[in-house]
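Trainee: Please find my_file_1.cif (mmCIF, C-alpha atoms) on the next line:
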data_input
#
loop_
_atom_site.label_atom_id
_atom_site.label_comp_id
_atom_site.auth_asym_id
_atom_site.auth_seq_id
_atom_site.Cartn_x
_atom_site.Cartn_y
_atom_site.Cartn_z
CA MET A 409 -45.59 10.98 1.78
CA SER A 410 -44.71 14.38 3.28
CA GLN A 411 -46.04 17.61 1.80
CA ASP A 412 -42.50 18.69 0.84
CA THR A 413 -41.89 15.44 -1.05
CA GLN A 414 -45.23 15.75 -2.80
CA GLN A 415 -44.46 19.32 -3.89
CA GLN A 416 -41.19 18.18 -5.48
CA LYS A 417 -42.89 15.69 -7.80
CA GLN A 418 -42.15 16.53 -11.41
CA TYR A 419 -45.23 16.40 -13.60
CA LYS A 420 -45.14 15.74 -17.32
CA ILE A 421 -47.30 17.93 -19.54
CA LEU A 422 -48.06 17.83 -23.25
CA VAL A 423 -48.34 21.23 -24.95
CA VAL A 424 -50.09 21.35 -28.34
CA GLY A 425 -50.70 24.43 -30.45
CA ASP A 426 -49.56 27.12 -32.86
CA SER A 427 -46.19 28.78 -32.35
CA CYS A 428 -44.28 31.75 -33.72
CA PHE A 429 -41.10 33.76 -33.39
CA ASP A 430 -41.46 37.13 -31.69
CA ILE A 431 -38.72 39.23 -33.29
CA TYR A 432 -37.76 42.55 -31.73
CA VAL A 433 -35.84 44.97 -33.92
CA PHE A 434 -34.27 47.72 -31.80
CA GLY A 435 -33.12 50.95 -33.36
CA GLN A 436 -33.73 54.65 -33.54
CA CYS A 437 -35.58 57.27 -35.54
CA ASP A 438 -33.71 60.54 -35.94
CA ARG A 439 -35.32 61.98 -39.05
CA LEU A 440 -38.31 61.87 -41.37
CA SER A 441 -38.13 60.37 -44.84
CA PRO A 442 -37.88 62.93 -47.67
CA GLU A 443 -40.13 60.62 -49.71
CA ALA A 444 -43.11 60.60 -47.30
CA PRO A 445 -43.99 61.94 -43.82
CA VAL A 446 -42.80 58.80 -42.04
CA PRO A 447 -39.86 58.22 -39.67
CA VAL A 448 -36.70 56.56 -40.96
CA PHE A 449 -35.79 53.62 -38.74
CA LYS A 450 -32.14 52.66 -38.28
CA GLU A 451 -31.66 49.14 -36.92
CA ASN A 452 -29.09 48.54 -34.17
CA ARG A 453 -29.85 44.98 -33.06
CA ARG A 454 -32.55 42.34 -33.06
CA LYS A 455 -33.74 39.60 -30.72
CA SER A 456 -35.83 36.51 -31.52
CA ILE A 457 -37.98 34.80 -28.88
CA PRO A 458 -40.14 31.67 -29.32
CA GLY A 459 -43.78 32.66 -28.85
CA MET A 460 -47.33 31.35 -28.54
CA SER A 461 -47.36 27.66 -27.52
CA LEU A 462 -43.55 27.64 -27.23
CA ASN A 463 -43.73 30.48 -24.71
CA VAL A 464 -46.30 28.51 -22.70
CA ALA A 465 -44.02 25.47 -22.79
CA GLU A 466 -41.01 27.53 -21.69
CA SER A 467 -42.86 28.80 -18.62
CA ILE A 468 -44.01 25.30 -17.66
CA LEU A 469 -40.44 24.05 -18.00
CA ASN A 470 -39.08 26.97 -15.96
CA LEU A 471 -41.53 26.22 -13.15
CA GLY A 472 -40.08 22.73 -12.81
CA ASP A 473 -42.25 20.40 -14.88
CA GLU A 474 -41.38 18.19 -17.86
CA ILE A 475 -42.87 18.96 -21.25
CA ASP A 476 -43.38 17.58 -24.72
CA VAL A 477 -44.46 19.96 -27.48
CA ILE A 478 -46.35 19.36 -30.71
CA THR A 479 -46.43 22.47 -32.90
CA ASN A 480 -46.06 23.76 -36.44
CA ASP A 481 -42.65 23.51 -38.15
CA THR A 482 -43.03 26.65 -40.26
CA LYS A 483 -43.16 29.53 -37.82
CA ILE A 484 -45.19 32.70 -38.01
CA LYS A 485 -43.04 35.81 -37.44
CA LYS A 486 -44.22 38.82 -35.45
CA ILE A 487 -41.66 41.54 -36.10
CA ARG A 488 -41.80 44.52 -33.75
CA PHE A 489 -39.77 47.64 -34.44
CA VAL A 490 -38.84 49.36 -31.18
CA ASP A 491 -37.25 52.72 -30.46
CA GLU A 492 -34.25 51.78 -28.32
CA ARG A 493 -34.20 54.99 -26.32
CA SER A 494 -37.84 55.13 -25.27
CA ILE A 495 -38.58 51.38 -25.57
CA GLN A 496 -41.72 52.27 -27.49
CA HIS A 497 -43.17 50.15 -30.28
CA ILE A 498 -43.13 51.94 -33.62
CA LEU A 499 -44.48 49.24 -35.91
CA ARG A 500 -45.41 45.56 -35.92
CA VAL A 501 -45.20 43.48 -39.10
CA ASP A 502 -46.72 39.97 -39.13
CA GLU A 503 -45.29 37.46 -41.57
CA GLU A 504 -47.90 34.73 -41.42
CA ALA A 505 -46.63 31.81 -43.41
CA THR A 506 -49.11 29.04 -44.15
CA VAL A 507 -49.29 26.89 -41.04
CA ASP A 508 -49.52 23.18 -41.78
CA GLU A 509 -52.30 21.41 -39.90
CA ILE A 510 -51.28 18.77 -37.37
CA SER A 511 -51.22 15.38 -39.10
CA LYS A 512 -53.49 12.46 -38.29
CA GLU A 513 -50.36 10.41 -37.61
CA GLN A 514 -49.23 12.90 -34.97
CA ILE A 515 -52.61 12.75 -33.27
CA GLU A 516 -52.67 8.95 -33.35
CA LYS A 517 -49.21 8.77 -31.73
CA ILE A 518 -50.26 10.83 -28.71
CA ASN A 519 -50.35 8.58 -25.64
CA PRO A 520 -52.25 10.31 -22.81
CA SER A 521 -50.97 7.78 -20.28
CA LEU A 522 -47.54 9.42 -20.49
CA TYR A 523 -48.83 12.75 -19.19
CA ASP A 524 -50.38 14.36 -16.14
CA ALA A 525 -52.12 17.08 -18.18
CA LEU A 526 -52.71 18.41 -21.68
CA VAL A 527 -52.31 22.10 -22.53
CA VAL A 528 -53.79 23.39 -25.79
CA SER A 529 -52.48 26.81 -26.82
CA ASP A 530 -54.75 27.41 -29.81
CA TYR A 531 -54.05 30.70 -31.55
CA ASP A 532 -56.31 29.57 -34.42
CA LYS A 533 -53.62 30.01 -37.08
CA GLY A 534 -54.38 26.70 -38.79
CA PHE A 535 -52.44 24.11 -36.78
CA LEU A 536 -55.52 22.78 -34.98
CA SER A 537 -58.82 22.40 -36.80
CA PHE A 538 -62.12 22.05 -34.94
CA LEU A 539 -62.05 18.26 -35.39
CA ASP A 540 -58.35 18.01 -34.47
CA ALA A 541 -59.10 19.75 -31.17
CA ILE A 542 -61.90 17.30 -30.40
CA SER A 543 -59.76 14.25 -31.27
CA ILE A 544 -56.84 15.34 -29.10
CA CYS A 545 -58.86 16.51 -26.09
CA ASP A 546 -61.07 13.41 -26.08
CA LYS A 547 -57.99 11.20 -25.73
CA PHE A 548 -57.24 12.84 -22.38
CA ILE A 549 -60.80 13.44 -21.19
CA ASN A 550 -61.60 9.75 -21.68
CA LYS A 551 -58.74 8.87 -19.33
CA ASN A 552 -59.77 11.54 -16.80
CA ILE A 553 -56.60 13.56 -17.38
CA PRO A 554 -57.08 17.35 -17.00
CA VAL A 555 -57.09 19.47 -20.16
CA PHE A 556 -56.28 23.20 -20.14
CA VAL A 557 -57.14 25.35 -23.15
CA ASP A 558 -56.46 28.88 -24.33
CA SER A 559 -58.16 29.38 -27.70
CA LYS A 560 -58.90 32.20 -30.10
CA LYS A 561 -61.56 30.18 -31.93
CA THR A 562 -65.02 31.72 -31.94
CA ASP A 563 -66.69 28.30 -31.83
CA LEU A 564 -65.51 26.63 -28.63
CA ARG A 565 -67.73 23.55 -28.81
CA CYS A 566 -64.62 21.54 -29.70
CA TYR A 567 -63.48 22.15 -26.11
CA ASN A 568 -66.30 20.59 -24.12
CA GLY A 569 -65.37 19.32 -20.67
CA VAL A 570 -62.05 21.17 -20.24
CA ILE A 571 -60.63 24.09 -18.26
CA ILE A 572 -60.62 27.14 -20.53
CA LYS A 573 -58.70 30.37 -20.00
CA ILE A 574 -59.97 33.18 -22.20
CA ASN A 575 -59.52 36.93 -22.10
CA GLN A 576 -62.39 39.39 -22.01
CA HIS A 577 -62.07 40.48 -25.64
CA GLU A 578 -61.88 36.90 -26.95
CA LYS A 579 -64.92 35.96 -24.88
CA SER A 580 -66.96 38.78 -26.45
CA ARG A 581 -66.26 37.29 -29.90
CA VAL A 582 -67.28 33.71 -29.05
CA LYS A 583 -70.35 32.55 -30.96
CA ASN A 584 -70.69 29.10 -29.40
CA MET A 585 -69.58 28.29 -25.85
CA PRO A 586 -68.50 24.79 -24.77
CA GLN A 587 -70.52 22.54 -22.52
CA GLY A 588 -69.31 21.15 -19.21
CA SER A 589 -66.17 23.31 -19.20
CA LYS A 590 -64.74 25.47 -16.43
CA LEU A 591 -64.36 28.99 -17.81
CA ILE A 592 -61.74 31.40 -16.46
CA THR A 593 -61.92 34.93 -17.86
CA THR A 594 -58.82 37.11 -17.58
CA LEU A 595 -59.55 40.83 -17.25
CA GLY A 596 -56.15 42.37 -17.90
CA SER A 597 -55.26 44.92 -15.21
CA GLN A 598 -58.51 44.01 -13.39
CA GLY A 599 -57.42 40.44 -12.60
CA ALA A 600 -59.61 37.44 -13.45
CA GLU A 601 -63.06 35.98 -12.93
CA TYR A 602 -64.25 32.43 -12.33
CA GLU A 603 -67.79 31.29 -11.49
CA GLY A 604 -68.80 34.82 -10.48
CA GLU A 605 -65.81 35.27 -8.18
CA ARG A 606 -63.27 38.04 -8.84
CA PHE A 607 -59.56 37.47 -8.42
CA PHE A 608 -57.99 40.87 -7.99
CA PRO A 609 -54.77 41.96 -9.68
CA TYR A 610 -51.41 41.56 -8.00
CA GLU A 611 -49.07 44.50 -7.48
CA THR A 612 -45.54 43.38 -8.27
CA LYS A 613 -42.13 44.73 -7.36
CA VAL A 614 -41.20 44.40 -11.03
CA SER A 615 -43.70 47.00 -12.21
CA ASP A 616 -42.38 49.50 -9.67
CA LYS A 617 -38.82 48.81 -10.78
CA HIS A 618 -39.30 49.11 -14.55
CA GLY A 619 -42.12 51.63 -14.60
CA HIS A 620 -43.94 50.19 -17.61
CA ARG A 621 -46.39 47.47 -18.61
CA ASP A 622 -46.13 45.13 -21.59
CA VAL A 623 -48.89 42.55 -21.97
CA CYS A 624 -46.97 40.38 -24.47
CA GLY A 625 -46.90 36.83 -23.11
CA ALA A 626 -49.10 37.54 -20.08
CA GLY A 627 -51.80 35.09 -21.21
CA ASP A 628 -49.18 32.43 -21.91
CA ALA A 629 -47.73 32.85 -18.42
CA PHE A 630 -51.20 32.65 -16.87
CA LEU A 631 -51.97 29.40 -18.70
CA ALA A 632 -48.62 27.80 -17.82
CA ALA A 633 -48.91 28.80 -14.17
CA LEU A 634 -52.48 27.55 -14.01
CA VAL A 635 -51.67 23.98 -15.04
CA HIS A 636 -48.49 23.90 -12.96
CA ARG A 637 -50.20 25.02 -9.77
CA PHE A 638 -53.37 22.99 -10.36
CA LEU A 639 -51.35 19.77 -10.48
CA ARG A 640 -49.27 20.66 -7.44
CA ASN A 641 -51.96 21.94 -5.07
CA GLY A 642 -54.34 19.00 -5.20
CA LYS A 643 -56.34 20.44 -8.13
CA ASN A 644 -57.56 23.51 -6.24
CA ILE A 645 -58.54 25.64 -9.22
CA LYS A 646 -59.24 28.85 -7.30
CA GLU A 647 -55.85 28.85 -5.62
CA ALA A 648 -54.29 28.10 -9.00
CA ILE A 649 -56.04 31.12 -10.53
CA ASP A 650 -54.73 33.36 -7.77
CA PHE A 651 -51.19 32.08 -8.40
CA SER A 652 -51.60 32.53 -12.18
CA ASN A 653 -52.73 36.12 -11.68
CA LYS A 654 -49.47 36.81 -9.88
CA CYS A 655 -47.35 35.15 -12.57
CA ALA A 656 -49.06 37.11 -15.35
CA ALA A 657 -48.55 40.37 -13.43
CA ILE A 658 -44.82 39.66 -13.14
CA VAL A 659 -44.47 39.07 -16.89
CA VAL A 660 -46.37 42.30 -17.64
CA GLY A 661 -43.72 44.19 -15.67
CA TYR A 662 -41.02 43.32 -18.21
CA PHE A 663 -40.61 44.49 -21.77
CA GLY A 664 -41.43 42.06 -24.58
CA THR A 665 -42.46 38.43 -24.76
CA ARG A 666 -41.22 36.65 -21.66
CA SER A 667 -41.76 33.43 -19.72
CA ILE A 668 -42.20 33.12 -15.95
CA SER A 669 -39.58 31.41 -13.78
CA VAL A 670 -38.95 30.18 -10.24
CA LYS A 671 -36.41 33.00 -9.87
CA ASP A 672 -39.16 35.55 -10.59
CA LEU A 673 -41.33 34.02 -7.88
CA LYS A 674 -38.49 34.07 -5.33
CA GLU A 675 -37.79 37.74 -6.07
CA GLU A 676 -41.46 38.53 -5.44
CA GLY A 677 -41.63 36.36 -2.33
CA ILE A 678 -44.29 34.13 -3.90
CA LYS A 679 -44.40 30.49 -2.79
#
Now, as a test, write the supplied structure out as structure tokens.

Mentor:
Amino acid sequence: MSQDTQQQKQYKILVVGDSCFDIYVFGQCDRLSPEAPVPVFKENRRKSIPGMSLNVAESILNLGDEIDVITNDTKIKKIRFVDERSIQHILRVDEEATVDEISKEQIEKINPSLYDALVVSDYDKGFLSFLDAISICDKFINKNIPVFVDSKKTDLRCYNGVIIKINQHEKSRVKNMPQGSKLITTLGSQGAEYEGERFFPYETKVSDKHGHRDVCGAGDAFLAALVHRFLRNGKNIKEAIDFSNKCAAIVVGYFGTRSISVKDLKEEGIK
């Protein structure tokens, strides 16, 4: 099989985790309230974008892989009020409805043999308990299928033997680390770190064009790019991290929650 043919293989990935709607309310503030020293916001338009695990899934799909998603039906809402002229956030309101835990039936129906990888996007909102995480991951680990995790849990022992992406702040809050896992730490504008090796940040054309940085969705893009590239490059994790760094940097160059796409990579000249 030629390298070109191998690169065109479409992998199938299962994404499991909490999801939300990122709602952007655009408007303007022209005066202060006579009732209190706060600005009066006048709404002009709003935009709703699927977030969390759904944003991860969207990026994986955009990069050319197949996906299945298991997530909560009742969505959390993150409502951001944005000044339309300056594109500055004024206020964020979180409407965190009770998230139903994944059912035992849903876990039992998962067939790892259908997938090339599992991605767990665990925002720790209640969809995946500690034991749920173990049950799902073990299904794949036992069949030697790679598992990628991004989790906000402070006890990560439910993710033994996987590839974990975690940011620096989340890592500082972890009370119990997993065993036998590969740990990738993202460092924001400083890039990423893996096994003592630094992966330096990527300077994009997008950032120069738009002149601002918005970290919303950067971690989701990194995770999606990581699994995509890992499967396509012969499981070279370091090269996959370098690629993921670039994808996250591109997303940061745009306003709001956003997924990565093949078009973005072409515009940046990234192969």

Trainee: Using all atoms listed in the file, pick whichever of A:Cys624, A:Val570, A:Ile431, A:Leu595 has the shortest atom-to-atom distance to Glu503 (chain A).

Mentor: A:Ile431

Trainee: For the interface of region 429-509 of chain A with region 645-662 of chain A (cut-off 12 Å, counting all atoms listed in the file), please tabulate each contacting residue of region 429-509 of chain A alongside its nearest pair of atoms and their separation in Å to one decimal, rows sorted by chain and increasing number, as JSON lines.

Mentor:
{"residue": "A:Asn463", "atom": "CA", "partner": "A:Val659", "partner_atom": "CA", "distance": 11.6}
{"residue": "A:Val464", "atom": "CA", "partner": "A:Ala656", "partner_atom": "CA", "distance": 11.6}
{"residue": "A:Ser467", "atom": "CA", "partner": "A:Cys655", "partner_atom": "CA", "distance": 9.9}
{"residue": "A:Ile468", "atom": "CA", "partner": "A:Cys655", "partner_atom": "CA", "distance": 11.6}
{"residue": "A:Leu471", "atom": "CA", "partner": "A:Cys655", "partner_atom": "CA", "distance": 10.7}
{"residue": "A:Ile495", "atom": "CA", "partner": "A:Tyr662", "partner_atom": "CA", "distance": 11.2}

Trainee: Given all atoms listed in the file as the basis, pick out the residue of A:Lys533, A:Lys417, A:Arg640, A:Arg500 nearest to Ser461 (chain A).

Mentor: A:Lys533

Trainee: Write out as a VMD selection string the residues lying within 8 Å of Ser529 (chain A), counting all atoms listed in the file and excluding same-chain residues fewer than 6 positions away.

Mentor: chain A and resid 423 to 426 460 to 461 464 557 to 559

Trainee: For Asn519 (chain A), which of A:Lys573, A:Arg488, A:His497, A:Lys547 is the closest residue, counting all atoms listed in the file?

Mentor: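 Ranking A:Lys573, A:Arg488, A:His497, A:Lys547 by distance to Asn519 (chain A), first place goes to A:Lys547.
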
Trainee: Taking the file as shown, what set of residues would the PyMOL selection byres ((chain A and resi 454) around 10) give back, as a ChimeraX atom specification?

Mentor: /A:431-435,451-453,455-456,487-490

Trainee: Using all atoms listed in the file, which of the listed residues (A:Asp546, A:Asp532, A:Asp476, A:Asp491) sits closest to Asp508 (chain A)?

Mentor: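 Checking each candidate against Asp508 (chain A), we get A:Asp532 as the closest.
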
Trainee: Would you please work out which residue, of A:Gly569, A:Ile484, A:Asn575, A:Pro447, is nearest to Gln598 (chain A) when using all atoms listed in the file?

Mentor: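 Selected residue with least distance to Gln598 (chain A): A:Asn575.
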
Trainee: Go through the shown structure with the PyMOL selection byres ((chain A and resi 418) around 12) and write out the matching residues as a PDB file with C-alpha atoms, in the frame of the given file.

Mentor:
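Saved result, part-v2.pdb, follows:
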ATOM      1  CA  THR A 413     -41.890  15.440  -1.050  1.00  0.00           C
ATOM      2  CA  GLN A 414     -45.230  15.750  -2.800  1.00  0.00           C
ATOM      3  CA  GLN A 415     -44.460  19.320  -3.890  1.00  0.00           C
ATOM      4  CA  GLN A 416     -41.190  18.180  -5.480  1.00  0.00           C
ATOM      5  CA  LYS A 417     -42.890  15.690  -7.800  1.00  0.00           C
ATOM      6  CA  TYR A 419     -45.230  16.400 -13.600  1.00  0.00           C
ATOM      7  CA  LYS A 420     -45.140  15.740 -17.320  1.00  0.00           C
ATOM      8  CA  ILE A 421     -47.300  17.930 -19.540  1.00  0.00           C
ATOM      9  CA  ILE A 468     -44.010  25.300 -17.660  1.00  0.00           C
ATOM     10  CA  LEU A 469     -40.440  24.050 -18.000  1.00  0.00           C
ATOM     11  CA  ASN A 470     -39.080  26.970 -15.960  1.00  0.00           C
ATOM     12  CA  LEU A 471     -41.530  26.220 -13.150  1.00  0.00           C
ATOM     13  CA  GLY A 472     -40.080  22.730 -12.810  1.00  0.00           C
ATOM     14  CA  ASP A 473     -42.250  20.400 -14.880  1.00  0.00           C
ATOM     15  CA  GLU A 474     -41.380  18.190 -17.860  1.00  0.00           C
ATOM     16  CA  ILE A 475     -42.870  18.960 -21.250  1.00  0.00           C
ATOM     17  CA  TYR A 523     -48.830  12.750 -19.190  1.00  0.00           C
ATOM     18  CA  ASP A 524     -50.380  14.360 -16.140  1.00  0.00           C
ATOM     19  CA  HIS A 636     -48.490  23.900 -12.960  1.00  0.00           C
ATOM     20  CA  ARG A 637     -50.200  25.020  -9.770  1.00  0.00           C
ATOM     21  CA  LEU A 639     -51.350  19.770 -10.480  1.00  0.00           C
ATOM     22  CA  ARG A 640     -49.270  20.660  -7.440  1.00  0.00           C
TER      23      ARG A 640
END

Trainee: Which of these, A:Cys437, A:Phe638, A:Lys561, A:Thr482, has the shortest distance to Ser580 (chain A) once you count all atoms listed in the file?

Mentor: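 The answer is A:Lys561, which sits nearest to Ser580 (chain A).
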
Trainee: Assuming the chain letters and numbering stay as they are in my file, what does the PyMOL selection byres ((chain A and resi 514) around 12) actually select? List them as a PyMOL selection string.

Mentor: chain A and resi 424+477-480+509-513+515-519+535-536+540+543-544

Trainee: For CA of Phe663 (chain A) and CA of Val501 (chain A), determine how far apart the two atoms are, in Å to one decimal place.

Mentor: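 A separation of 18.0 Å between them.
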
Trainee: Quote the spacing between CA of Phe429 (chain A) and CA of Gly534 (chain A) in Å to one decimal place.

Mentor: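 Interatomic distance here is 16.0 Å.
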
Trainee: Go ahead and compute the interatomic distance for CA of Arg621 (chain A) and CA of Tyr531 (chain A), in Å to one decimal.

Mentor: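 It comes out at 22.5 Å.
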